[in-house]
file start_21.pdb (PDB, C-alpha atoms)
ATOM      1  CA  ALA A   1       0.000   0.000   0.000  1.00  0.00           C
ATOM      2  CA  SER A   2       1.037   3.585  -0.500  1.00  0.00           C
ATOM      3  CA  GLY A   3      -0.275   6.997   0.322  1.00  0.00           C
ATOM      4  CA  SER A   4       0.608  10.624   0.948  1.00  0.00           C
ATOM      5  CA  ASP A   5      -0.836  13.782   2.461  1.00  0.00           C
ATOM      6  CA  GLY A   6       1.873  16.226   1.337  1.00  0.00           C
ATOM      7  CA  ILE A   7       3.915  15.762   4.530  1.00  0.00           C
ATOM      8  CA  TRP A   8       4.631  12.060   4.492  1.00  0.00           C
ATOM      9  CA  THR A   9       4.711   9.257   1.974  1.00  0.00           C
ATOM     10  CA  GLU A  10       3.810   5.656   2.705  1.00  0.00           C
ATOM     11  CA  VAL A  11       5.975   3.059   1.017  1.00  0.00           C
ATOM     12  CA  ASP A  12       5.440  -0.629   1.759  1.00  0.00           C
ATOM     13  CA  GLY A  13       3.677   0.200   5.010  1.00  0.00           C
ATOM     14  CA  VAL A  14       6.389   2.617   6.195  1.00  0.00           C
ATOM     15  CA  ALA A  15       5.608   6.328   6.663  1.00  0.00           C
ATOM     16  CA  ILE A  16       8.481   8.361   5.213  1.00  0.00           C
ATOM     17  CA  TYR A  17       8.751  11.982   6.315  1.00  0.00           C
ATOM     18  CA  ASP A  18      10.734  14.659   4.511  1.00  0.00           C
ATOM     19  CA  GLY A  19      12.210  16.334   7.583  1.00  0.00           C
ATOM     20  CA  ASP A  20      12.270  15.923  11.355  1.00  0.00           C
ATOM     21  CA  ILE A  21       9.103  15.031  13.213  1.00  0.00           C
ATOM     22  CA  GLU A  22       7.853  16.004  16.647  1.00  0.00           C
ATOM     23  CA  VAL A  23       6.068  13.587  18.957  1.00  0.00           C
ATOM     24  CA  ASN A  24       4.730  14.936  22.256  1.00  0.00           C
ATOM     25  CA  ASP A  25       7.301  17.766  22.238  1.00  0.00           C
ATOM     26  CA  VAL A  26      10.154  15.371  21.419  1.00  0.00           C
ATOM     27  CA  THR A  27      11.903  16.017  18.093  1.00  0.00           C
ATOM     28  CA  VAL A  28      13.188  13.024  16.143  1.00  0.00           C
ATOM     29  CA  GLY A  29      15.314  13.237  13.011  1.00  0.00           C
ATOM     30  CA  ARG A  30      18.625  14.732  11.883  1.00  0.00           C
ATOM     31  CA  GLY A  31      18.549  18.011  13.771  1.00  0.00           C
ATOM     32  CA  SER A  32      19.401  21.428  12.382  1.00  0.00           C
ATOM     33  CA  GLY A  33      21.217  21.378   9.062  1.00  0.00           C
ATOM     34  CA  ASN A  34      19.458  18.182   7.968  1.00  0.00           C
ATOM     35  CA  ILE A  35      22.805  16.380   7.640  1.00  0.00           C
ATOM     36  CA  GLU A  36      22.231  12.809   6.510  1.00  0.00           C
ATOM     37  CA  LEU A  37      24.639  11.128   8.952  1.00  0.00           C
ATOM     38  CA  ASN A  38      23.315  12.840  12.106  1.00  0.00           C
ATOM     39  CA  THR A  39      20.718  11.303  14.418  1.00  0.00           C
ATOM     40  CA  THR A  40      18.859  13.376  16.998  1.00  0.00           C
ATOM     41  CA  VAL A  41      16.177  12.635  19.569  1.00  0.00           C
ATOM     42  CA  GLY A  42      15.006  15.398  21.891  1.00  0.00           C
ATOM     43  CA  SER A  43      13.767  18.951  21.924  1.00  0.00           C
ATOM     44  CA  ASN A  44      16.522  21.376  20.826  1.00  0.00           C
ATOM     45  CA  ALA A  45      19.015  18.557  20.373  1.00  0.00           C
ATOM     46  CA  LEU A  46      21.721  19.646  17.890  1.00  0.00           C
ATOM     47  CA  ARG A  47      19.724  22.841  17.561  1.00  0.00           C
ATOM     48  CA  LYS A  48      22.352  25.069  15.899  1.00  0.00           C
ATOM     49  CA  ASN A  49      24.133  22.559  13.699  1.00  0.00           C
ATOM     50  CA  THR A  50      25.105  23.726  10.214  1.00  0.00           C
ATOM     51  CA  THR A  51      27.673  21.318   8.761  1.00  0.00           C
ATOM     52  CA  GLY A  52      28.604  18.956  11.605  1.00  0.00           C
ATOM     53  CA  THR A  53      28.202  15.302  10.716  1.00  0.00           C
ATOM     54  CA  ARG A  54      28.291  11.790  12.162  1.00  0.00           C
ATOM     55  CA  ASN A  55      26.825  12.974  15.464  1.00  0.00           C
ATOM     56  CA  THR A  56      24.407  10.942  17.571  1.00  0.00           C
ATOM     57  CA  VAL A  57      22.476  13.128  19.994  1.00  0.00           C
ATOM     58  CA  VAL A  58      19.801  11.985  22.454  1.00  0.00           C
ATOM     59  CA  GLY A  59      18.348  14.275  25.115  1.00  0.00           C
ATOM     60  CA  ARG A  60      16.789  17.702  25.483  1.00  0.00           C
ATOM     61  CA  SER A  61      19.259  20.481  24.564  1.00  0.00           C
ATOM     62  CA  SER A  62      22.115  18.019  24.086  1.00  0.00           C
ATOM     63  CA  MET A  63      24.786  19.449  21.753  1.00  0.00           C
ATOM     64  CA  TYR A  64      22.606  22.567  21.515  1.00  0.00           C
ATOM     65  CA  GLN A  65      25.432  24.965  20.596  1.00  0.00           C
ATOM     66  CA  SER A  66      27.332  22.706  18.203  1.00  0.00           C
ATOM     67  CA  GLU A  67      27.463  23.970  14.637  1.00  0.00           C
ATOM     68  CA  THR A  68      30.324  22.218  12.821  1.00  0.00           C
ATOM     69  CA  THR A  69      31.574  19.485  15.177  1.00  0.00           C
ATOM     70  CA  THR A  70      31.762  15.869  14.067  1.00  0.00           C
ATOM     71  CA  ASP A  71      31.861  12.309  15.379  1.00  0.00           C
ATOM     72  CA  ASN A  72      30.328  13.036  18.779  1.00  0.00           C
ATOM     73  CA  THR A  73      27.889  10.990  20.832  1.00  0.00           C
ATOM     74  CA  ALA A  74      25.839  12.812  23.461  1.00  0.00           C
ATOM     75  CA  VAL A  75      23.165  11.125  25.580  1.00  0.00           C
ATOM     76  CA  GLY A  76      21.390  12.963  28.393  1.00  0.00           C
ATOM     77  CA  TYR A  77      19.841  16.329  29.186  1.00  0.00           C
ATOM     78  CA  ASP A  78      22.232  19.094  28.070  1.00  0.00           C
ATOM     79  CA  ALA A  79      24.988  16.570  27.384  1.00  0.00           C
ATOM     80  CA  MET A  80      27.696  18.464  25.482  1.00  0.00           C
ATOM     81  CA  GLY A  81      25.194  21.310  25.457  1.00  0.00           C
ATOM     82  CA  LYS A  82      27.774  24.091  25.033  1.00  0.00           C
ATOM     83  CA  ASN A  83      30.204  22.232  22.806  1.00  0.00           C
ATOM     84  CA  ILE A  84      31.422  24.397  19.917  1.00  0.00           C
ATOM     85  CA  THR A  85      34.705  22.959  18.650  1.00  0.00           C
ATOM     86  CA  GLY A  86      35.074  19.530  20.298  1.00  0.00           C
ATOM     87  CA  ASN A  87      35.147  16.422  18.121  1.00  0.00           C
ATOM     88  CA  TYR A  88      35.297  12.670  18.775  1.00  0.00           C
ATOM     89  CA  ASN A  89      33.713  12.930  22.217  1.00  0.00           C
ATOM     90  CA  THR A  90      31.349  10.581  24.023  1.00  0.00           C
ATOM     91  CA  ALA A  91      29.158  12.044  26.769  1.00  0.00           C
ATOM     92  CA  VAL A  92      26.561   9.969  28.617  1.00  0.00           C
ATOM     93  CA  GLY A  93      24.738  11.614  31.508  1.00  0.00           C
ATOM     94  CA  ASN A  94      22.912  14.839  32.262  1.00  0.00           C
ATOM     95  CA  ASN A  95      25.198  17.892  31.983  1.00  0.00           C
ATOM     96  CA  SER A  96      28.214  15.795  31.046  1.00  0.00           C
ATOM     97  CA  LEU A  97      30.939  17.463  28.952  1.00  0.00           C
ATOM     98  CA  THR A  98      28.959  20.684  28.711  1.00  0.00           C
ATOM     99  CA  SER A  99      31.935  22.979  28.036  1.00  0.00           C
ATOM    100  CA  GLU A 100      32.752  24.688  24.734  1.00  0.00           C
ATOM    101  CA  THR A 101      35.919  22.863  23.661  1.00  0.00           C
ATOM    102  CA  GLY A 102      37.854  19.631  24.080  1.00  0.00           C
ATOM    103  CA  SER A 103      38.185  16.546  21.876  1.00  0.00           C
ATOM    104  CA  ASN A 104      38.694  12.805  22.273  1.00  0.00           C
ATOM    105  CA  ASN A 105      37.047  12.698  25.698  1.00  0.00           C
ATOM    106  CA  VAL A 106      34.788  10.104  27.313  1.00  0.00           C
ATOM    107  CA  ALA A 107      32.419  11.189  30.085  1.00  0.00           C
ATOM    108  CA  VAL A 108      29.946   8.754  31.649  1.00  0.00           C
ATOM    109  CA  GLY A 109      27.871   9.978  34.588  1.00  0.00           C
ATOM    110  CA  ASN A 110      25.911  13.092  35.477  1.00  0.00           C
ATOM    111  CA  ASN A 111      28.147  16.199  35.499  1.00  0.00           C
ATOM    112  CA  SER A 112      31.249  14.212  34.559  1.00  0.00           C
ATOM    113  CA  LEU A 113      33.873  16.392  32.860  1.00  0.00           C
ATOM    114  CA  GLN A 114      31.318  19.179  33.057  1.00  0.00           C
ATOM    115  CA  ASN A 115      33.811  22.048  32.721  1.00  0.00           C
ATOM    116  CA  ASN A 116      36.370  20.292  30.558  1.00  0.00           C
ATOM    117  CA  THR A 117      38.323  22.046  27.813  1.00  0.00           C
ATOM    118  CA  GLY A 118      41.134  19.487  27.633  1.00  0.00           C
ATOM    119  CA  GLY A 119      41.543  16.410  25.501  1.00  0.00           C
ATOM    120  CA  ASN A 120      41.943  12.648  25.817  1.00  0.00           C
ATOM    121  CA  ASN A 121      40.292  12.471  29.234  1.00  0.00           C
ATOM    122  CA  THR A 122      38.159   9.625  30.549  1.00  0.00           C
ATOM    123  CA  ALA A 123      35.735  10.197  33.431  1.00  0.00           C
ATOM    124  CA  ILE A 124      33.342   7.520  34.677  1.00  0.00           C
ATOM    125  CA  GLY A 125      31.066   8.324  37.593  1.00  0.00           C
ATOM    126  CA  ARG A 126      28.876  11.165  38.775  1.00  0.00           C
ATOM    127  CA  ASN A 127      30.910  14.371  39.219  1.00  0.00           C
ATOM    128  CA  ALA A 128      34.102  12.674  38.079  1.00  0.00           C
ATOM    129  CA  LEU A 129      36.671  15.246  36.889  1.00  0.00           C
ATOM    130  CA  VAL A 130      33.929  17.852  37.106  1.00  0.00           C
ATOM    131  CA  SER A 131      36.321  20.794  37.651  1.00  0.00           C
ATOM    132  CA  ASN A 132      38.844  19.855  34.990  1.00  0.00           C
ATOM    133  CA  THR A 133      39.414  22.737  32.597  1.00  0.00           C
ATOM    134  CA  GLY A 134      42.579  22.429  30.516  1.00  0.00           C
ATOM    135  CA  GLY A 135      43.908  19.146  31.899  1.00  0.00           C
ATOM    136  CA  ASP A 136      44.692  16.399  29.378  1.00  0.00           C
ATOM    137  CA  GLU A 137      45.060  12.623  29.469  1.00  0.00           C
ATOM    138  CA  ASN A 138      43.416  12.008  32.826  1.00  0.00           C
ATOM    139  CA  VAL A 139      41.552   8.861  33.883  1.00  0.00           C
ATOM    140  CA  SER A 140      38.979   9.160  36.650  1.00  0.00           C
ATOM    141  CA  VAL A 141      36.813   6.193  37.680  1.00  0.00           C
ATOM    142  CA  GLY A 142      34.431   6.575  40.618  1.00  0.00           C
ATOM    143  CA  SER A 143      31.885   9.120  41.733  1.00  0.00           C
ATOM    144  CA  GLY A 144      33.563  12.390  42.700  1.00  0.00           C
ATOM    145  CA  SER A 145      37.014  11.137  41.773  1.00  0.00           C
ATOM    146  CA  LEU A 146      39.476  13.890  40.789  1.00  0.00           C
ATOM    147  CA  PHE A 147      36.613  16.319  41.448  1.00  0.00           C
ATOM    148  CA  ASN A 148      38.832  19.401  41.843  1.00  0.00           C
ATOM    149  CA  SER A 149      41.686  18.427  39.548  1.00  0.00           C
ATOM    150  CA  THR A 150      42.860  20.710  36.750  1.00  0.00           C
ATOM    151  CA  GLY A 151      46.170  18.959  36.064  1.00  0.00           C
ATOM    152  CA  SER A 152      47.163  16.378  33.463  1.00  0.00           C
ATOM    153  CA  ASN A 153      48.185  12.736  33.380  1.00  0.00           C
ATOM    154  CA  ASN A 154      46.430  11.847  36.619  1.00  0.00           C
ATOM    155  CA  ALA A 155      44.667   8.541  37.252  1.00  0.00           C
ATOM    156  CA  ALA A 156      42.204   7.860  40.065  1.00  0.00           C
ATOM    157  CA  ILE A 157      40.186   4.719  40.724  1.00  0.00           C
ATOM    158  CA  GLY A 158      37.698   4.663  43.595  1.00  0.00           C
ATOM    159  CA  TYR A 159      34.941   6.711  45.164  1.00  0.00           C
ATOM    160  CA  LEU A 160      36.230  10.264  45.840  1.00  0.00           C
ATOM    161  CA  SER A 161      39.780   9.168  45.031  1.00  0.00           C
ATOM    162  CA  GLY A 162      42.076  12.124  44.404  1.00  0.00           C
ATOM    163  CA  ASN A 163      39.256  14.601  44.927  1.00  0.00           C
ATOM    164  CA  THR A 164      41.409  17.003  47.001  1.00  0.00           C
ATOM    165  CA  LEU A 165      43.986  17.359  44.233  1.00  0.00           C
ATOM    166  CA  ASN A 166      43.949  20.698  42.424  1.00  0.00           C
ATOM    167  CA  SER A 167      46.801  21.527  40.076  1.00  0.00           C
ATOM    168  CA  GLY A 168      49.123  18.507  40.438  1.00  0.00           C
ATOM    169  CA  SER A 169      49.938  16.213  37.538  1.00  0.00           C
ATOM    170  CA  ASN A 170      51.191  12.684  36.883  1.00  0.00           C
ATOM    171  CA  ASN A 171      49.663  11.193  40.045  1.00  0.00           C
ATOM    172  CA  LEU A 172      48.026   7.827  40.698  1.00  0.00           C
ATOM    173  CA  PHE A 173      45.336   7.205  43.329  1.00  0.00           C
ATOM    174  CA  LEU A 174      44.018   3.715  44.016  1.00  0.00           C
ATOM    175  CA  GLY A 175      41.163   3.005  46.407  1.00  0.00           C
ATOM    176  CA  ASN A 176      38.196   4.568  48.096  1.00  0.00           C
ATOM    177  CA  ASN A 177      39.024   8.134  49.167  1.00  0.00           C
ATOM    178  CA  ALA A 178      42.733   7.777  48.389  1.00  0.00           C
ATOM    179  CA  GLN A 179      44.092  11.324  48.647  1.00  0.00           C
ATOM    180  CA  PRO A 180      47.339  13.161  47.763  1.00  0.00           C
ATOM    181  CA  SER A 181      49.814  14.487  50.313  1.00  0.00           C
ATOM    182  CA  SER A 182      48.962  18.023  49.154  1.00  0.00           C
ATOM    183  CA  ASP A 183      46.562  19.588  46.673  1.00  0.00           C
ATOM    184  CA  THR A 184      49.388  20.599  44.312  1.00  0.00           C
ATOM    185  CA  VAL A 185      51.611  17.511  44.463  1.00  0.00           C
ATOM    186  CA  SER A 186      52.896  15.836  41.287  1.00  0.00           C
ATOM    187  CA  ASN A 187      54.541  12.483  40.506  1.00  0.00           C
ATOM    188  CA  GLU A 188      53.031  10.697  43.504  1.00  0.00           C
ATOM    189  CA  VAL A 189      51.413   7.269  43.932  1.00  0.00           C
ATOM    190  CA  THR A 190      48.820   6.800  46.680  1.00  0.00           C
ATOM    191  CA  ILE A 191      47.398   3.373  47.500  1.00  0.00           C
ATOM    192  CA  GLY A 192      44.408   3.335  49.836  1.00  0.00           C
ATOM    193  CA  ASN A 193      42.999   5.854  52.297  1.00  0.00           C
ATOM    194  CA  ASP A 194      44.226   6.812  55.772  1.00  0.00           C
ATOM    195  CA  SER A 195      42.585   3.733  57.285  1.00  0.00           C
ATOM    196  CA  VAL A 196      44.884   1.347  55.413  1.00  0.00           C
ATOM    197  CA  THR A 197      47.475  -0.245  57.734  1.00  0.00           C
ATOM    198  CA  THR A 198      48.904  -3.005  55.554  1.00  0.00           C
ATOM    199  CA  VAL A 199      49.936  -3.204  51.890  1.00  0.00           C
ATOM    200  CA  ARG A 200      50.263  -6.817  50.773  1.00  0.00           C
ATOM    201  CA  MET A 201      51.463  -8.456  47.556  1.00  0.00           C
ATOM    202  CA  GLY A 202      49.519 -11.286  45.982  1.00  0.00           C
ATOM    203  CA  ASN A 203      52.202 -13.793  47.057  1.00  0.00           C
ATOM    204  CA  GLY A 204      51.723 -12.842  50.686  1.00  0.00           C
ATOM    205  CA  ASP A 205      54.713 -10.512  51.048  1.00  0.00           C
ATOM    206  CA  ILE A 206      54.009  -7.473  53.197  1.00  0.00           C
ATOM    207  CA  VAL A 207      55.181  -4.283  51.504  1.00  0.00           C
ATOM    208  CA  TYR A 208      54.019  -1.931  54.248  1.00  0.00           C
ATOM    209  CA  PRO A 209      54.828  -1.806  57.046  1.00  0.00           C
ATOM    210  CA  SER A 210      58.264  -3.077  56.080  1.00  0.00           C
ATOM    211  CA  SER A 211      59.191  -6.460  57.585  1.00  0.00           C
ATOM    212  CA  GLY A 212      62.824  -6.228  56.525  1.00  0.00           C
ATOM    213  CA  GLY A 213      63.948  -4.166  59.472  1.00  0.00           C
ATOM    214  CA  GLY A 214      65.595  -1.555  57.232  1.00  0.00           C
ATOM    215  CA  GLY A 215      65.493   2.051  58.259  1.00  0.00           C
TER
END
call {"tool": "encode", "arguments": {"input": "start_21.pdb", "output": "structure tokens"}}
result
Amino acid sequence: ASGSDGIWTEVDGVAIYDGDIEVNDVTVGRGSGNIELNTTVGSNALRKNTTGTRNTVVGRSSMYQSETTTDNTAVGYDAMGKNITGNYNTAVGNNSLTSETGSNNVAVGNNSLQNNTGGNNTAIGRNALVSNTGGDENVSVGSGSLFNSTGSNNAAIGYLSGNTLNSGSNNLFLGNNAQPSSDTVSNEVTIGNDSVTTVRMGNGDIVYPSSGGGG
């Protein structure tokens, strides 16, 4: 069967629309610019796009400001909402990666990498790396991890791990609430929080406190 009313055409039982459609205030289609390789779902999603392509955008106001950016995936309310020049980003979570710039980033969790302008960062967890501005190549796994960090080359795994660090770089934090010796320290490895009393290797050797009797 086939049919048409000037807005849509039915072909083999499928209604084909020439343009985006709106269902209960939710827009579905390609977004602004009508670029073939874009997919949008949500009111004002990819609202200002002109030439950007290969973007997948789901959520109200997600990628709202983007005009020419490519190869981004944004899922969640206002995800990548202010992005202007960032490419190759993945943002999943409300208000994730909402800053104007930054490429090759992965943000999963509400507010993760919210203020980011750096590149090659990975943040997984609510409020992970939320304060990062120009820091690059950070890995933050756990809610609130590296919350205040603006440095580069830091890695934190665990709830609130490294969240008191500010400008330090090249640090590693492992464990729940593992924190640096100062908020500006660099080149430091922290294993565990201040409740940890023993560090043990898999073969049973005790690393800390030292059992060798050396000073």
call {"tool": "resolve_selection", "arguments": {"input": "start_21.pdb", "expression": "the PyMOL selection byres ((chain A and resi 186-196) around 9)", "output": "JSON, numbers by chain"}}
result
{"A": [154, 161, 162, 167, 168, 169, 170, 171, 172, 173, 174, 175, 176, 177, 178, 179, 180, 181, 184, 185, 197, 198, 199]}
call {"tool": "resolve_selection", "arguments": {"input": "start_21.pdb", "expression": "the PyMOL selection byres ((chain A and resi 46) around 10)", "output": "PyMOL selection string"}}
result
chain A and resi 30-33+38-45+47-50+52+55-67+74+80-81
call {"tool": "residues_around", "arguments": {"input": "start_21.pdb", "residues": "A:Leu146", "least_positions_apart": "4", "cutoff": "8 Å", "atoms": "all atoms listed in the file", "output": "JSON, numbers by chain"}}
result
{"A": [128, 129, 130, 140, 156, 160, 161, 162, 163, 164, 165]}
call {"tool": "write_last_selection", "arguments": {"input": "start_21.pdb", "atoms": "C-alpha atoms", "output": "PDB file, in the coordinates of the input"}}
result
ATOM      1  CA  ALA A 128      34.102  12.674  38.079  1.00  0.00           C
ATOM      2  CA  LEU A 129      36.671  15.246  36.889  1.00  0.00           C
ATOM      3  CA  VAL A 130      33.929  17.852  37.106  1.00  0.00           C
ATOM      4  CA  SER A 140      38.979   9.160  36.650  1.00  0.00           C
ATOM      5  CA  ALA A 156      42.204   7.860  40.065  1.00  0.00           C
ATOM      6  CA  LEU A 160      36.230  10.264  45.840  1.00  0.00           C
ATOM      7  CA  SER A 161      39.780   9.168  45.031  1.00  0.00           C
ATOM      8  CA  GLY A 162      42.076  12.124  44.404  1.00  0.00           C
ATOM      9  CA  ASN A 163      39.256  14.601  44.927  1.00  0.00           C
ATOM     10  CA  THR A 164      41.409  17.003  47.001  1.00  0.00           C
ATOM     11  CA  LEU A 165      43.986  17.359  44.233  1.00  0.00           C
TER      12      LEU A 165
END
call {"tool": "resolve_selection", "arguments": {"input": "start_21.pdb", "expression": "the PyMOL selection byres ((chain A and resi 94) around 7)", "output": "PDB file with C-alpha atoms, in the coordinates of the input"}}
result
ATOM      1  CA  GLY A  76      21.390  12.963  28.393  1.00  0.00           C
ATOM      2  CA  TYR A  77      19.841  16.329  29.186  1.00  0.00           C
ATOM      3  CA  ASP A  78      22.232  19.094  28.070  1.00  0.00           C
ATOM      4  CA  ALA A  79      24.988  16.570  27.384  1.00  0.00           C
ATOM      5  CA  GLY A  93      24.738  11.614  31.508  1.00  0.00           C
ATOM      6  CA  ASN A  95      25.198  17.892  31.983  1.00  0.00           C
ATOM      7  CA  SER A  96      28.214  15.795  31.046  1.00  0.00           C
ATOM      8  CA  ASN A 110      25.911  13.092  35.477  1.00  0.00           C
ATOM      9  CA  ASN A 111      28.147  16.199  35.499  1.00  0.00           C
TER      10      ASN A 111
END
call {"tool": "atom_distance", "arguments": {"input": "start_21.pdb", "atom1": "atom CA of A:Ala123", "atom2": "atom CA of A:Gly142"}}
result
8.2 Å
call {"tool": "atom_distance", "arguments": {"input": "start_21.pdb", "atom1": "atom CA of A:Asp136", "atom2": "atom CA of A:Gly151"}}
result
7.3 Å
call {"tool": "closest_residue", "arguments": {"input": "start_21.pdb", "among": "A:Ser210, A:Thr122, A:Asn72, A:Asn115", "to": "A:Asn148", "atoms": "all atoms listed in the file"}}
result
A:Asn115
call {"tool": "residues_around", "arguments": {"input": "start_21.pdb", "residues": "A:Gly118", "least_positions_apart": "6", "cutoff": "7 Å", "atoms": "all atoms listed in the file", "output": "list in words"}}
result
Gly102, Thr133, Gly134, Gly135 and Asp136 of chain A
call {"tool": "atom_distance", "arguments": {"input": "start_21.pdb", "atom1": "atom CA of A:Asp183", "atom2": "atom CA of A:Gln114"}}
result
20.4 Å
call {"tool": "closest_residue", "arguments": {"input": "start_21.pdb", "among": "A:Leu97, A:Ile35, A:Ile7, A:Ala155", "to": "A:Asn83", "atoms": "all atoms listed in the file"}}
result
A:Leu97
call {"tool": "closest_residue", "arguments": {"input": "start_21.pdb", "among": "A:Thr53, A:Val92, A:Thr85, A:Gly204", "to": "A:Thr73", "atoms": "all atoms listed in the file"}}
result
A:Val92
call {"tool": "closest_residue", "arguments": {"input": "start_21.pdb", "among": "A:Ser143, A:Asn116, A:Asn166, A:Asn34", "to": "A:Thr98", "atoms": "all atoms listed in the file"}}
result
A:Asn116
call {"tool": "closest_residue", "arguments": {"input": "start_21.pdb", "among": "A:Glu100, A:Phe147, A:Ile84, A:Asn153", "to": "A:Asn120", "atoms": "all atoms listed in the file"}}
result
A:Asn153
call {"tool": "decode", "arguments": {"input": "start_21.pdb", "residues": "stretch 39-54 of chain A", "atoms": "N, CA, C and O atoms", "output": "short mmCIF file (atom, residue, chain, number, x, y, z; two decimals), in the first residue's frame"}}
result
data_model
loop_
_atom_site.label_atom_id
_atom_site.label_comp_id
_atom_site.auth_asym_id
_atom_site.auth_seq_id
_atom_site.Cartn_x
_atom_site.Cartn_y
_atom_site.Cartn_z
N THR A 39 21.94 11.84 13.83
CA THR A 39 20.72 11.30 14.42
C THR A 39 20.42 12.06 15.69
O THR A 39 21.28 12.17 16.57
N THR A 40 19.23 12.61 15.81
CA THR A 40 18.86 13.38 17.00
C THR A 40 17.51 12.93 17.54
O THR A 40 16.59 12.62 16.79
N VAL A 41 17.43 12.90 18.87
CA VAL A 41 16.18 12.64 19.57
C VAL A 41 16.11 13.58 20.75
O VAL A 41 16.97 13.51 21.65
N GLY A 42 15.15 14.48 20.77
CA GLY A 42 15.01 15.40 21.89
C GLY A 42 14.80 16.82 21.46
O GLY A 42 15.35 17.27 20.44
N SER A 43 14.02 17.55 22.22
CA SER A 43 13.77 18.95 21.92
C SER A 43 15.06 19.75 21.98
O SER A 43 15.84 19.64 22.93
N ASN A 44 15.33 20.52 20.94
CA ASN A 44 16.52 21.38 20.83
C ASN A 44 17.84 20.60 20.76
O ASN A 44 18.91 21.19 20.92
N ALA A 45 17.78 19.31 20.55
CA ALA A 45 19.01 18.56 20.37
C ALA A 45 19.66 18.96 19.05
O ALA A 45 18.99 19.06 18.03
N LEU A 46 20.97 19.22 19.07
CA LEU A 46 21.72 19.65 17.89
C LEU A 46 21.03 20.83 17.20
O LEU A 46 20.94 20.90 15.98
N ARG A 47 20.59 21.77 18.02
CA ARG A 47 19.72 22.84 17.56
C ARG A 47 20.38 23.78 16.55
O ARG A 47 19.74 24.25 15.62
N LYS A 48 21.70 24.06 16.73
CA LYS A 48 22.35 25.07 15.90
C LYS A 48 23.27 24.47 14.84
O LYS A 48 24.03 25.21 14.20
N ASN A 49 23.22 23.20 14.64
CA ASN A 49 24.13 22.56 13.70
C ASN A 49 23.97 23.12 12.28
O ASN A 49 22.88 23.37 11.81
N THR A 50 25.13 23.30 11.61
CA THR A 50 25.11 23.73 10.21
C THR A 50 25.74 22.67 9.31
O THR A 50 25.10 22.19 8.38
N THR A 51 26.98 22.28 9.63
CA THR A 51 27.67 21.32 8.76
C THR A 51 28.23 20.11 9.52
O THR A 51 28.80 19.21 8.90
N GLY A 52 28.09 20.08 10.83
CA GLY A 52 28.60 18.96 11.61
C GLY A 52 27.95 17.65 11.20
O GLY A 52 26.74 17.60 10.93
N THR A 53 28.73 16.57 11.20
CA THR A 53 28.20 15.30 10.72
C THR A 53 28.65 14.14 11.60
O THR A 53 29.54 14.28 12.42
N ARG A 54 28.01 13.03 11.42
CA ARG A 54 28.29 11.79 12.16
C ARG A 54 28.15 12.00 13.67
O ARG A 54 28.91 11.46 14.47
#
